[in-house]
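*Asks:* Structure file structure_31.tsv, TSV, N, CA and C atoms, is pasted below:
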```tsv
chain	number	residue	atom	x	y	z
A	17	GLN	N	0.84	-1.17	0.00
A	17	GLN	CA	0.00	0.00	0.00
A	17	GLN	C	0.89	1.24	0.00
A	18	ASN	N	0.54	2.20	-0.85
A	18	ASN	CA	1.28	3.47	-0.97
A	18	ASN	C	2.77	3.26	-1.27
A	19	ASN	N	3.07	2.41	-2.26
A	19	ASN	CA	4.46	2.11	-2.61
A	19	ASN	C	4.96	2.92	-3.81
A	20	GLU	N	4.14	3.80	-4.34
A	20	GLU	CA	4.48	4.59	-5.53
A	20	GLU	C	4.71	3.71	-6.76
A	21	LEU	N	3.95	2.63	-6.88
A	21	LEU	CA	4.07	1.76	-8.04
A	21	LEU	C	3.31	2.38	-9.22
A	22	PRO	N	4.00	2.61	-10.34
A	22	PRO	CA	3.31	3.20	-11.49
A	22	PRO	C	2.50	2.17	-12.28
A	23	ILE	N	2.83	0.88	-12.11
A	23	ILE	CA	2.13	-0.18	-12.84
A	23	ILE	C	2.08	-1.44	-11.98
A	24	ILE	N	0.98	-2.16	-12.07
A	24	ILE	CA	0.84	-3.45	-11.38
A	24	ILE	C	0.95	-4.52	-12.47
A	25	PRO	N	2.02	-5.30	-12.52
A	25	PRO	CA	2.19	-6.27	-13.60
A	25	PRO	C	1.16	-7.40	-13.52
A	26	PRO	N	0.49	-7.69	-14.63
A	26	PRO	CA	-0.49	-8.79	-14.65
A	26	PRO	C	0.13	-10.13	-14.29
A	27	ALA	N	1.43	-10.30	-14.50
A	27	ALA	CA	2.10	-11.56	-14.19
A	27	ALA	C	2.00	-11.92	-12.72
A	28	LEU	N	1.71	-10.96	-11.86
A	28	LEU	CA	1.51	-11.27	-10.43
A	28	LEU	C	0.32	-12.20	-10.23
A	29	GLY	N	-0.57	-12.24	-11.20
A	29	GLY	CA	-1.76	-13.08	-11.10
A	29	GLY	C	-1.47	-14.56	-11.00
A	30	VAL	N	-0.31	-15.01	-11.45
A	30	VAL	CA	0.01	-16.44	-11.39
A	30	VAL	C	0.49	-16.86	-10.01
A	31	LEU	N	0.70	-15.92	-9.11
A	31	LEU	CA	1.16	-16.24	-7.76
A	31	LEU	C	-0.03	-16.62	-6.88
A	32	ARG	N	-0.54	-17.83	-7.09
A	32	ARG	CA	-1.76	-18.28	-6.42
A	32	ARG	C	-1.59	-18.46	-4.91
A	33	SER	N	-0.36	-18.52	-4.45
A	33	SER	CA	-0.15	-18.73	-3.02
A	33	SER	C	-0.26	-17.43	-2.22
A	34	LEU	N	-0.38	-16.30	-2.91
A	34	LEU	CA	-0.56	-15.04	-2.20
A	34	LEU	C	-1.87	-15.06	-1.41
A	35	THR	N	-1.83	-14.60	-0.20
A	35	THR	CA	-3.05	-14.56	0.61
A	35	THR	C	-3.49	-13.14	0.87
A	36	SER	N	-2.61	-12.18	0.63
A	36	SER	CA	-2.94	-10.78	0.84
A	36	SER	C	-2.33	-9.96	-0.28
A	37	PHE	N	-3.10	-9.05	-0.81
A	37	PHE	CA	-2.64	-8.24	-1.94
A	37	PHE	C	-3.27	-6.86	-1.82
A	38	ASP	N	-2.49	-5.90	-1.37
A	38	ASP	CA	-3.03	-4.55	-1.16
A	38	ASP	C	-2.12	-3.55	-1.86
A	39	VAL	N	-2.57	-3.05	-3.00
A	39	VAL	CA	-1.79	-2.08	-3.76
A	39	VAL	C	-2.53	-0.75	-3.89
A	40	ARG	N	-3.50	-0.55	-3.01
A	40	ARG	CA	-4.22	0.72	-3.03
A	40	ARG	C	-3.28	1.85	-2.64
A	41	GLY	N	-3.57	3.03	-3.13
A	41	GLY	CA	-2.76	4.19	-2.80
A	41	GLY	C	-1.56	4.38	-3.70
A	42	ASN	N	-1.45	3.58	-4.76
A	42	ASN	CA	-0.35	3.72	-5.71
A	42	ASN	C	-0.82	4.55	-6.90
A	43	PRO	N	0.11	5.22	-7.59
A	43	PRO	CA	-0.29	6.09	-8.69
A	43	PRO	C	-0.65	5.37	-9.99
A	44	GLN	N	-0.71	4.06	-9.98
A	44	GLN	CA	-1.04	3.32	-11.20
A	44	GLN	C	-2.45	3.67	-11.67
A	45	ARG	N	-2.67	3.58	-12.98
A	45	ARG	CA	-3.98	3.91	-13.54
A	45	ARG	C	-4.56	2.75	-14.34
A	46	GLY	N	-3.90	1.62	-14.33
A	46	GLY	CA	-4.34	0.49	-15.14
A	46	GLY	C	-5.45	-0.34	-14.51
A	47	ILE	N	-5.62	-0.26	-13.20
A	47	ILE	CA	-6.62	-1.09	-12.51
A	47	ILE	C	-7.52	-0.17	-11.70
A	48	ARG	N	-8.82	-0.32	-11.91
A	48	ARG	CA	-9.79	0.53	-11.19
A	48	ARG	C	-9.79	0.20	-9.70
A	49	MET	N	-10.15	1.20	-8.90
A	49	MET	CA	-10.20	1.03	-7.44
A	49	MET	C	-11.21	-0.06	-7.05
A	50	GLY	N	-12.29	-0.19	-7.80
A	50	GLY	CA	-13.27	-1.23	-7.50
A	50	GLY	C	-12.67	-2.61	-7.55
A	51	VAL	N	-11.74	-2.81	-8.45
A	51	VAL	CA	-11.05	-4.10	-8.55
A	51	VAL	C	-10.08	-4.26	-7.39
A	52	LEU	N	-9.36	-3.20	-7.07
A	52	LEU	CA	-8.36	-3.27	-6.00
A	52	LEU	C	-9.00	-3.45	-4.62
A	53	ASP	N	-10.28	-3.15	-4.49
A	53	ASP	CA	-10.98	-3.33	-3.22
A	53	ASP	C	-11.48	-4.75	-3.03
A	54	ARG	N	-11.32	-5.61	-4.04
A	54	ARG	CA	-11.78	-7.00	-3.95
A	54	ARG	C	-10.81	-7.85	-3.12
A	55	SER	N	-11.19	-9.11	-2.93
A	55	SER	CA	-10.32	-10.03	-2.19
A	55	SER	C	-9.10	-10.39	-3.02
A	56	CYS	N	-8.10	-10.93	-2.37
A	56	CYS	CA	-6.84	-11.29	-3.03
A	56	CYS	C	-7.08	-12.27	-4.21
A	57	PRO	N	-7.83	-13.37	-4.02
A	57	PRO	CA	-8.04	-14.28	-5.16
A	57	PRO	C	-8.74	-13.60	-6.34
A	58	GLU	N	-9.65	-12.68	-6.06
A	58	GLU	CA	-10.35	-11.99	-7.14
A	58	GLU	C	-9.40	-11.05	-7.89
A	59	ILE	N	-8.52	-10.37	-7.17
A	59	ILE	CA	-7.55	-9.49	-7.82
A	59	ILE	C	-6.59	-10.32	-8.67
A	60	LEU	N	-6.13	-11.45	-8.14
A	60	LEU	CA	-5.21	-12.30	-8.90
A	60	LEU	C	-5.89	-12.84	-10.15
A	61	ALA	N	-7.16	-13.23	-10.04
A	61	ALA	CA	-7.90	-13.71	-11.21
A	61	ALA	C	-8.04	-12.59	-12.24
A	62	TYR	N	-8.30	-11.39	-11.78
A	62	TYR	CA	-8.39	-10.24	-12.68
A	62	TYR	C	-7.07	-10.02	-13.41
A	63	LEU	N	-5.97	-10.07	-12.67
A	63	LEU	CA	-4.65	-9.88	-13.29
A	63	LEU	C	-4.38	-10.97	-14.32
A	64	ARG	N	-4.74	-12.22	-14.00
A	64	ARG	CA	-4.56	-13.31	-14.96
A	64	ARG	C	-5.40	-13.07	-16.21
A	65	SER	N	-6.60	-12.52	-16.03
A	65	SER	CA	-7.48	-12.28	-17.18
A	65	SER	C	-6.92	-11.19	-18.10
A	66	ARG	N	-6.03	-10.38	-17.59
A	66	ARG	CA	-5.41	-9.31	-18.39
A	66	ARG	C	-4.19	-9.79	-19.16
A	67	MET	N	-3.77	-11.04	-18.92
A	67	MET	CA	-2.59	-11.58	-19.59
A	67	MET	C	-2.98	-12.25	-20.90
A	68	ASP	N	-2.06	-12.22	-21.84
A	68	ASP	CA	-2.21	-12.95	-23.09
A	68	ASP	C	-2.20	-14.45	-22.77
A	69	GLU	N	-3.00	-15.24	-23.48
A	69	GLU	CA	-3.11	-16.68	-23.19
A	69	GLU	C	-1.74	-17.38	-23.24
A	70	ALA	N	-0.93	-17.07	-24.22
A	70	ALA	CA	0.38	-17.72	-24.34
A	70	ALA	C	1.28	-17.35	-23.16
A	71	ASP	N	1.27	-16.07	-22.77
A	71	ASP	CA	2.08	-15.65	-21.62
A	71	ASP	C	1.60	-16.31	-20.34
A	72	LEU	N	0.29	-16.41	-20.19
A	72	LEU	CA	-0.29	-17.04	-19.01
A	72	LEU	C	0.13	-18.50	-18.92
A	73	ARG	N	0.00	-19.23	-20.02
A	73	ARG	CA	0.39	-20.64	-20.02
A	73	ARG	C	1.88	-20.79	-19.72
A	74	SER	N	2.70	-19.93	-20.30
A	74	SER	CA	4.13	-19.97	-20.07
A	74	SER	C	4.48	-19.73	-18.60
A	75	MET	N	3.87	-18.70	-18.02
A	75	MET	CA	4.13	-18.38	-16.61
A	75	MET	C	3.65	-19.51	-15.69
A	76	GLU	N	2.46	-20.05	-15.97
A	76	GLU	CA	1.94	-21.14	-15.13
A	76	GLU	C	2.81	-22.38	-15.26
A	77	ALA	N	3.34	-22.63	-16.46
A	77	ALA	CA	4.24	-23.78	-16.65
A	77	ALA	C	5.51	-23.59	-15.82
A	78	LYS	N	6.05	-22.37	-15.82
A	78	LYS	CA	7.24	-22.10	-15.01
A	78	LYS	C	6.94	-22.28	-13.53
A	79	MET	N	5.77	-21.82	-13.10
A	79	MET	CA	5.39	-21.98	-11.69
A	79	MET	C	5.24	-23.46	-11.36
A	80	GLY	N	4.68	-24.24	-12.30
A	80	GLY	CA	4.54	-25.68	-12.09
A	80	GLY	C	5.88	-26.38	-11.98
A	81	GLU	N	6.85	-25.94	-12.80
A	81	GLU	CA	8.19	-26.52	-12.73
A	81	GLU	C	8.83	-26.25	-11.38
A	82	VAL	N	8.66	-25.05	-10.88
A	82	VAL	CA	9.21	-24.70	-9.57
A	82	VAL	C	8.54	-25.54	-8.49
A	83	ALA	N	7.21	-25.67	-8.57
A	83	ALA	CA	6.49	-26.44	-7.57
A	83	ALA	C	6.89	-27.91	-7.61
A	84	SER	N	7.06	-28.47	-8.82
A	84	SER	CA	7.44	-29.88	-8.91
A	84	SER	C	8.87	-30.08	-8.43
A	85	ALA	N	9.74	-29.12	-8.66
A	85	ALA	CA	11.11	-29.22	-8.17
A	85	ALA	C	11.13	-29.18	-6.64
A	86	ASN	N	10.27	-28.36	-6.06
A	86	ASN	CA	10.19	-28.28	-4.61
A	86	ASN	C	9.62	-29.54	-4.00
A	87	SER	N	8.69	-30.19	-4.71
A	87	SER	CA	8.06	-31.39	-4.14
A	87	SER	C	8.82	-32.66	-4.48
A	88	SER	N	9.86	-32.60	-5.29
A	88	SER	CA	10.59	-33.80	-5.70
A	88	SER	C	11.37	-34.42	-4.55
A	89	THR	N	11.53	-33.72	-3.45
A	89	THR	CA	12.25	-34.27	-2.32
A	89	THR	C	11.38	-35.18	-1.46
A	90	ALA	N	10.08	-35.22	-1.71
A	90	ALA	CA	9.16	-36.07	-0.93
A	90	ALA	C	9.34	-37.53	-1.34
A	91	GLY	N	8.96	-38.45	-0.45
A	91	GLY	CA	9.01	-39.88	-0.75
A	91	GLY	C	8.02	-40.25	-1.83
A	92	SER	N	8.22	-41.40	-2.50
A	92	SER	CA	7.38	-41.75	-3.63
A	92	SER	C	5.93	-41.97	-3.23
A	93	ALA	N	5.67	-42.62	-2.10
A	93	ALA	CA	4.28	-42.83	-1.67
A	93	ALA	C	3.64	-41.50	-1.28
A	94	GLY	N	4.37	-40.70	-0.55
A	94	GLY	CA	3.85	-39.38	-0.17
A	94	GLY	C	3.65	-38.49	-1.37
A	95	ALA	N	4.54	-38.60	-2.35
A	95	ALA	CA	4.44	-37.79	-3.56
A	95	ALA	C	3.21	-38.19	-4.37
A	96	ALA	N	2.93	-39.50	-4.45
A	96	ALA	CA	1.76	-39.95	-5.20
A	96	ALA	C	0.48	-39.44	-4.55
A	97	GLU	N	0.43	-39.48	-3.23
A	97	GLU	CA	-0.76	-38.99	-2.53
A	97	GLU	C	-0.88	-37.48	-2.69
A	98	ALA	N	0.25	-36.78	-2.59
A	98	ALA	CA	0.22	-35.32	-2.74
A	98	ALA	C	-0.19	-34.93	-4.15
A	99	ASP	N	0.25	-35.70	-5.16
A	99	ASP	CA	-0.14	-35.41	-6.52
A	99	ASP	C	-1.65	-35.50	-6.70
A	100	GLY	N	-2.28	-36.52	-6.12
A	100	GLY	CA	-3.72	-36.69	-6.24
A	100	GLY	C	-4.46	-35.55	-5.57
A	101	SER	N	-4.11	-35.25	-4.32
A	101	SER	CA	-4.79	-34.17	-3.62
A	101	SER	C	-4.38	-32.83	-4.19
A	102	GLY	N	-3.16	-32.75	-4.71
A	102	GLY	CA	-2.70	-31.51	-5.35
A	102	GLY	C	-3.50	-31.23	-6.61
A	103	LYS	N	-3.82	-32.29	-7.35
A	103	LYS	CA	-4.62	-32.12	-8.57
A	103	LYS	C	-6.03	-31.66	-8.21
A	104	VAL	N	-6.58	-32.22	-7.14
A	104	VAL	CA	-7.90	-31.79	-6.68
A	104	VAL	C	-7.86	-30.32	-6.30
A	105	GLN	N	-6.84	-29.93	-5.56
A	105	GLN	CA	-6.71	-28.52	-5.15
A	105	GLN	C	-6.56	-27.62	-6.37
A	106	GLN	N	-5.76	-28.06	-7.32
A	106	GLN	CA	-5.55	-27.27	-8.54
A	106	GLN	C	-6.87	-27.11	-9.31
A	107	LEU	N	-7.64	-28.18	-9.40
A	107	LEU	CA	-8.94	-28.11	-10.09
A	107	LEU	C	-9.89	-27.16	-9.36
A	108	LYS	N	-9.89	-27.22	-8.03
A	108	LYS	CA	-10.75	-26.32	-7.26
A	108	LYS	C	-10.36	-24.86	-7.47
A	109	GLU	N	-9.05	-24.60	-7.52
A	109	GLU	CA	-8.58	-23.24	-7.77
A	109	GLU	C	-8.97	-22.77	-9.16
A	110	SER	N	-8.85	-23.68	-10.14
A	110	SER	CA	-9.23	-23.33	-11.51
A	110	SER	C	-10.71	-23.01	-11.60
A	111	ILE	N	-11.53	-23.81	-10.92
A	111	ILE	CA	-12.97	-23.58	-10.92
A	111	ILE	C	-13.27	-22.22	-10.30
A	112	GLU	N	-12.61	-21.92	-9.20
A	112	GLU	CA	-12.82	-20.62	-8.53
A	112	GLU	C	-12.39	-19.47	-9.44
A	113	ASP	N	-11.25	-19.64	-10.10
A	113	ASP	CA	-10.75	-18.58	-11.00
A	113	ASP	C	-11.71	-18.35	-12.16
A	114	ILE	N	-12.17	-19.41	-12.77
A	114	ILE	CA	-13.09	-19.27	-13.91
A	114	ILE	C	-14.39	-18.62	-13.46
A	115	THR	N	-14.88	-19.03	-12.29
A	115	THR	CA	-16.12	-18.45	-11.76
A	115	THR	C	-15.94	-16.95	-11.55
A	116	ILE	N	-14.82	-16.55	-11.01
A	116	ILE	CA	-14.55	-15.12	-10.79
A	116	ILE	C	-14.47	-14.39	-12.12
A	117	GLN	N	-13.78	-14.99	-13.08
A	117	GLN	CA	-13.64	-14.35	-14.39
A	117	GLN	C	-14.98	-14.21	-15.11
A	118	LEU	N	-15.89	-15.16	-14.86
A	118	LEU	CA	-17.21	-15.08	-15.49
A	118	LEU	C	-18.00	-13.87	-15.01
A	119	ASN	N	-17.64	-13.32	-13.86
A	119	ASN	CA	-18.33	-12.15	-13.33
A	119	ASN	C	-17.88	-10.85	-14.00
A	120	ASN	N	-16.89	-10.93	-14.89
A	120	ASN	CA	-16.40	-9.76	-15.61
A	120	ASN	C	-17.48	-9.31	-16.60
A	121	VAL	N	-17.98	-8.10	-16.43
A	121	VAL	CA	-19.08	-7.61	-17.28
A	121	VAL	C	-18.60	-7.27	-18.69
A	122	HIS	N	-17.31	-7.23	-18.91
A	122	HIS	CA	-16.78	-6.85	-20.22
A	122	HIS	C	-16.51	-8.05	-21.11
A	123	LEU	N	-16.92	-9.24	-20.71
A	123	LEU	CA	-16.71	-10.43	-21.52
A	123	LEU	C	-17.71	-10.47	-22.68
A	124	THR	N	-17.24	-10.92	-23.82
A	124	THR	CA	-18.16	-11.12	-24.94
A	124	THR	C	-18.96	-12.40	-24.68
A	125	GLU	N	-20.06	-12.54	-25.38
A	125	GLU	CA	-20.89	-13.74	-25.22
A	125	GLU	C	-20.11	-15.00	-25.61
A	126	ALA	N	-19.29	-14.89	-26.65
A	126	ALA	CA	-18.49	-16.04	-27.08
A	126	ALA	C	-17.50	-16.46	-26.00
A	127	LYS	N	-16.86	-15.47	-25.37
A	127	LYS	CA	-15.90	-15.77	-24.30
A	127	LYS	C	-16.62	-16.37	-23.10
A	128	LYS	N	-17.80	-15.83	-22.76
A	128	LYS	CA	-18.58	-16.39	-21.65
A	128	LYS	C	-18.94	-17.85	-21.93
A	129	TYR	N	-19.37	-18.12	-23.16
A	129	TYR	CA	-19.74	-19.48	-23.54
A	129	TYR	C	-18.54	-20.42	-23.38
A	130	ALA	N	-17.38	-19.97	-23.89
A	130	ALA	CA	-16.17	-20.79	-23.80
A	130	ALA	C	-15.78	-21.02	-22.34
A	131	MET	N	-15.91	-19.99	-21.53
A	131	MET	CA	-15.54	-20.13	-20.11
A	131	MET	C	-16.51	-21.05	-19.38
A	132	LYS	N	-17.80	-20.98	-19.73
A	132	LYS	CA	-18.78	-21.88	-19.11
A	132	LYS	C	-18.48	-23.32	-19.47
A	133	LYS	N	-18.09	-23.56	-20.72
A	133	LYS	CA	-17.71	-24.91	-21.14
A	133	LYS	C	-16.47	-25.38	-20.38
A	134	SER	N	-15.51	-24.49	-20.23
A	134	SER	CA	-14.30	-24.82	-19.49
A	134	SER	C	-14.62	-25.11	-18.03
A	135	LEU	N	-15.53	-24.32	-17.46
A	135	LEU	CA	-15.94	-24.52	-16.08
A	135	LEU	C	-16.59	-25.90	-15.90
A	136	ALA	N	-17.47	-26.25	-16.83
A	136	ALA	CA	-18.12	-27.56	-16.76
A	136	ALA	C	-17.10	-28.69	-16.87
A	137	LEU	N	-16.12	-28.52	-17.74
A	137	LEU	CA	-15.07	-29.53	-17.91
A	137	LEU	C	-14.24	-29.68	-16.64
A	138	HIS	N	-13.88	-28.55	-16.03
A	138	HIS	CA	-13.10	-28.60	-14.78
A	138	HIS	C	-13.90	-29.25	-13.66
A	139	LYS	N	-15.19	-28.94	-13.57
A	139	LYS	CA	-16.03	-29.57	-12.54
A	139	LYS	C	-16.12	-31.07	-12.75
A	140	ALA	N	-16.27	-31.49	-14.00
A	140	ALA	CA	-16.34	-32.93	-14.29
A	140	ALA	C	-15.02	-33.61	-13.94
A	141	ASN	N	-13.91	-32.96	-14.27
A	141	ASN	CA	-12.60	-33.53	-13.91
A	141	ASN	C	-12.39	-33.59	-12.41
A	142	LEU	N	-12.91	-32.61	-11.69
A	142	LEU	CA	-12.81	-32.62	-10.23
A	142	LEU	C	-13.59	-33.81	-9.65
A	143	ILE	N	-14.79	-34.01	-10.12
A	143	ILE	CA	-15.59	-35.15	-9.65
A	143	ILE	C	-14.88	-36.46	-9.95
A	144	LYS	N	-14.34	-36.56	-11.16
A	144	LYS	CA	-13.63	-37.77	-11.59
A	144	LYS	C	-12.40	-38.02	-10.71
A	145	GLU	N	-11.63	-36.99	-10.43
A	145	GLU	CA	-10.42	-37.13	-9.62
A	145	GLU	C	-10.76	-37.48	-8.17
A	146	GLU	N	-11.80	-36.84	-7.62
A	146	GLU	CA	-12.21	-37.16	-6.24
A	146	GLU	C	-12.69	-38.60	-6.15
A	147	ARG	N	-13.39	-39.05	-7.16
A	147	ARG	CA	-13.86	-40.44	-7.21
A	147	ARG	C	-12.68	-41.40	-7.29
A	148	ARG	N	-11.67	-41.05	-8.10
A	148	ARG	CA	-10.49	-41.89	-8.25
A	148	ARG	C	-9.74	-41.99	-6.91
A	149	LEU	N	-9.61	-40.87	-6.22
A	149	LEU	CA	-8.93	-40.87	-4.93
A	149	LEU	C	-9.67	-41.70	-3.88
A	150	ARG	N	-11.01	-41.60	-3.89
A	150	ARG	CA	-11.81	-42.42	-2.96
A	150	ARG	C	-11.62	-43.89	-3.24
A	151	MET	N	-11.61	-44.27	-4.52
A	151	MET	CA	-11.41	-45.67	-4.89
A	151	MET	C	-10.02	-46.15	-4.50
A	152	GLN	N	-9.04	-45.28	-4.67
A	152	GLN	CA	-7.66	-45.61	-4.33
A	152	GLN	C	-7.49	-45.79	-2.83
A	153	ALA	N	-8.14	-44.94	-2.05
A	153	ALA	CA	-8.05	-45.01	-0.60
A	153	ALA	C	-8.81	-46.23	-0.06
A	154	GLY	N	-9.92	-46.57	-0.71
A	154	GLY	CA	-10.74	-47.68	-0.24
A	154	GLY	C	-10.25	-49.03	-0.70
A	155	GLY	N	-9.49	-49.10	-1.77
A	155	GLY	CA	-9.12	-50.38	-2.33
A	155	GLY	C	-7.67	-50.50	-2.51
```
Spell out the structure here as structure tokens.
*Replies:*
Amino acid sequence: QNNELPIIPPALGVLRSLTSFDVRGNPQRGIRMGVLDRSCPEILAYLRSRMDEADLRSMEAKMGEVASANSSTAGSAGAAEADGSGKVQQLKESIEDITIQLNNVHLTEAKKYAMKKSLALHKANLIKEERRLRMQAGG
């Protein structure tokens, strides 16, 4: 807050582990105050929505590489379990992000349609993954 930042880079949106994000009081003009008054996940989703698709995929891939490098020190059984629950968590985050992005009033109907399809696909994958984990734990 009040850091004299002239611009808030959209690439900050890929930092999903952020729990607090307060950049109010900065001279930047790229993001409306109404957006900056939202919760941290909503601001991050907004920043991601401002990124080019290729840049977003590239940044998320880099973040995934860092995360996998950090988790490679875990044991194989623990890693397999973490991967399953990690995938569930990732799907839940994706669903939340898409839901937040759908609230953007500036989306075209075509983009809304595509996002709704993506949301349905992510929800189906979440159900499938949770079912797979239950079967794995039970059998």
*Asks:* Rounded to one decimal in Å, what is the spacing between atom CA of Arg148 of chain A and atom N of Lys108 of chain A?
*Replies:*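 Separating atom CA of Arg148 of chain A from atom N of Lys108 of chain A is a distance of 14.7 Å.
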*Asks:* List every residue of chain A that DSSP, applied to the backbone of this structure, places in helix (DSSP H, G or I), and write the result as a PyMOL selection string.
*Replies:* chain A and resi 26-30+49-52+56-65+69-87+92-118+125-154
*Asks:* Residues within 8 Å of segment 116-133 of chain A, please, as a list in words. Count only N, CA and C atoms; anything in the same chain fewer than 5 positions from it doesn't count.
*Replies:*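 Neighbouring residues, sequence-local ones excluded: Pro57, Glu58, Ala61, Tyr62, Ser65, Ser110, Ile111, His138 and Lys139 of chain A.
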*Asks:* Nearest to Pro26 of chain A: which of A:Met79, A:Leu63, A:Val51, A:Leu107 is it, counting all atoms listed in the file?
*Replies:*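 The shortest atom-to-atom distance to Pro26 of chain A comes from A:Leu63.
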*Asks:* For a test of reading the model, state the distance in Å between atom CA of Leu31 of chain A and atom CA of Arg66 of chain A, rounded to one decimal.
*Replies:* 14.3 Å
*Asks:* For Arg54 of chain A, which of A:Ser101, A:Ser74, A:Gln106, A:Ser36 is the closest residue, counting only C-alpha atoms?
*Replies:*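 Among the listed residues, A:Ser36 lies closest to Arg54 of chain A.
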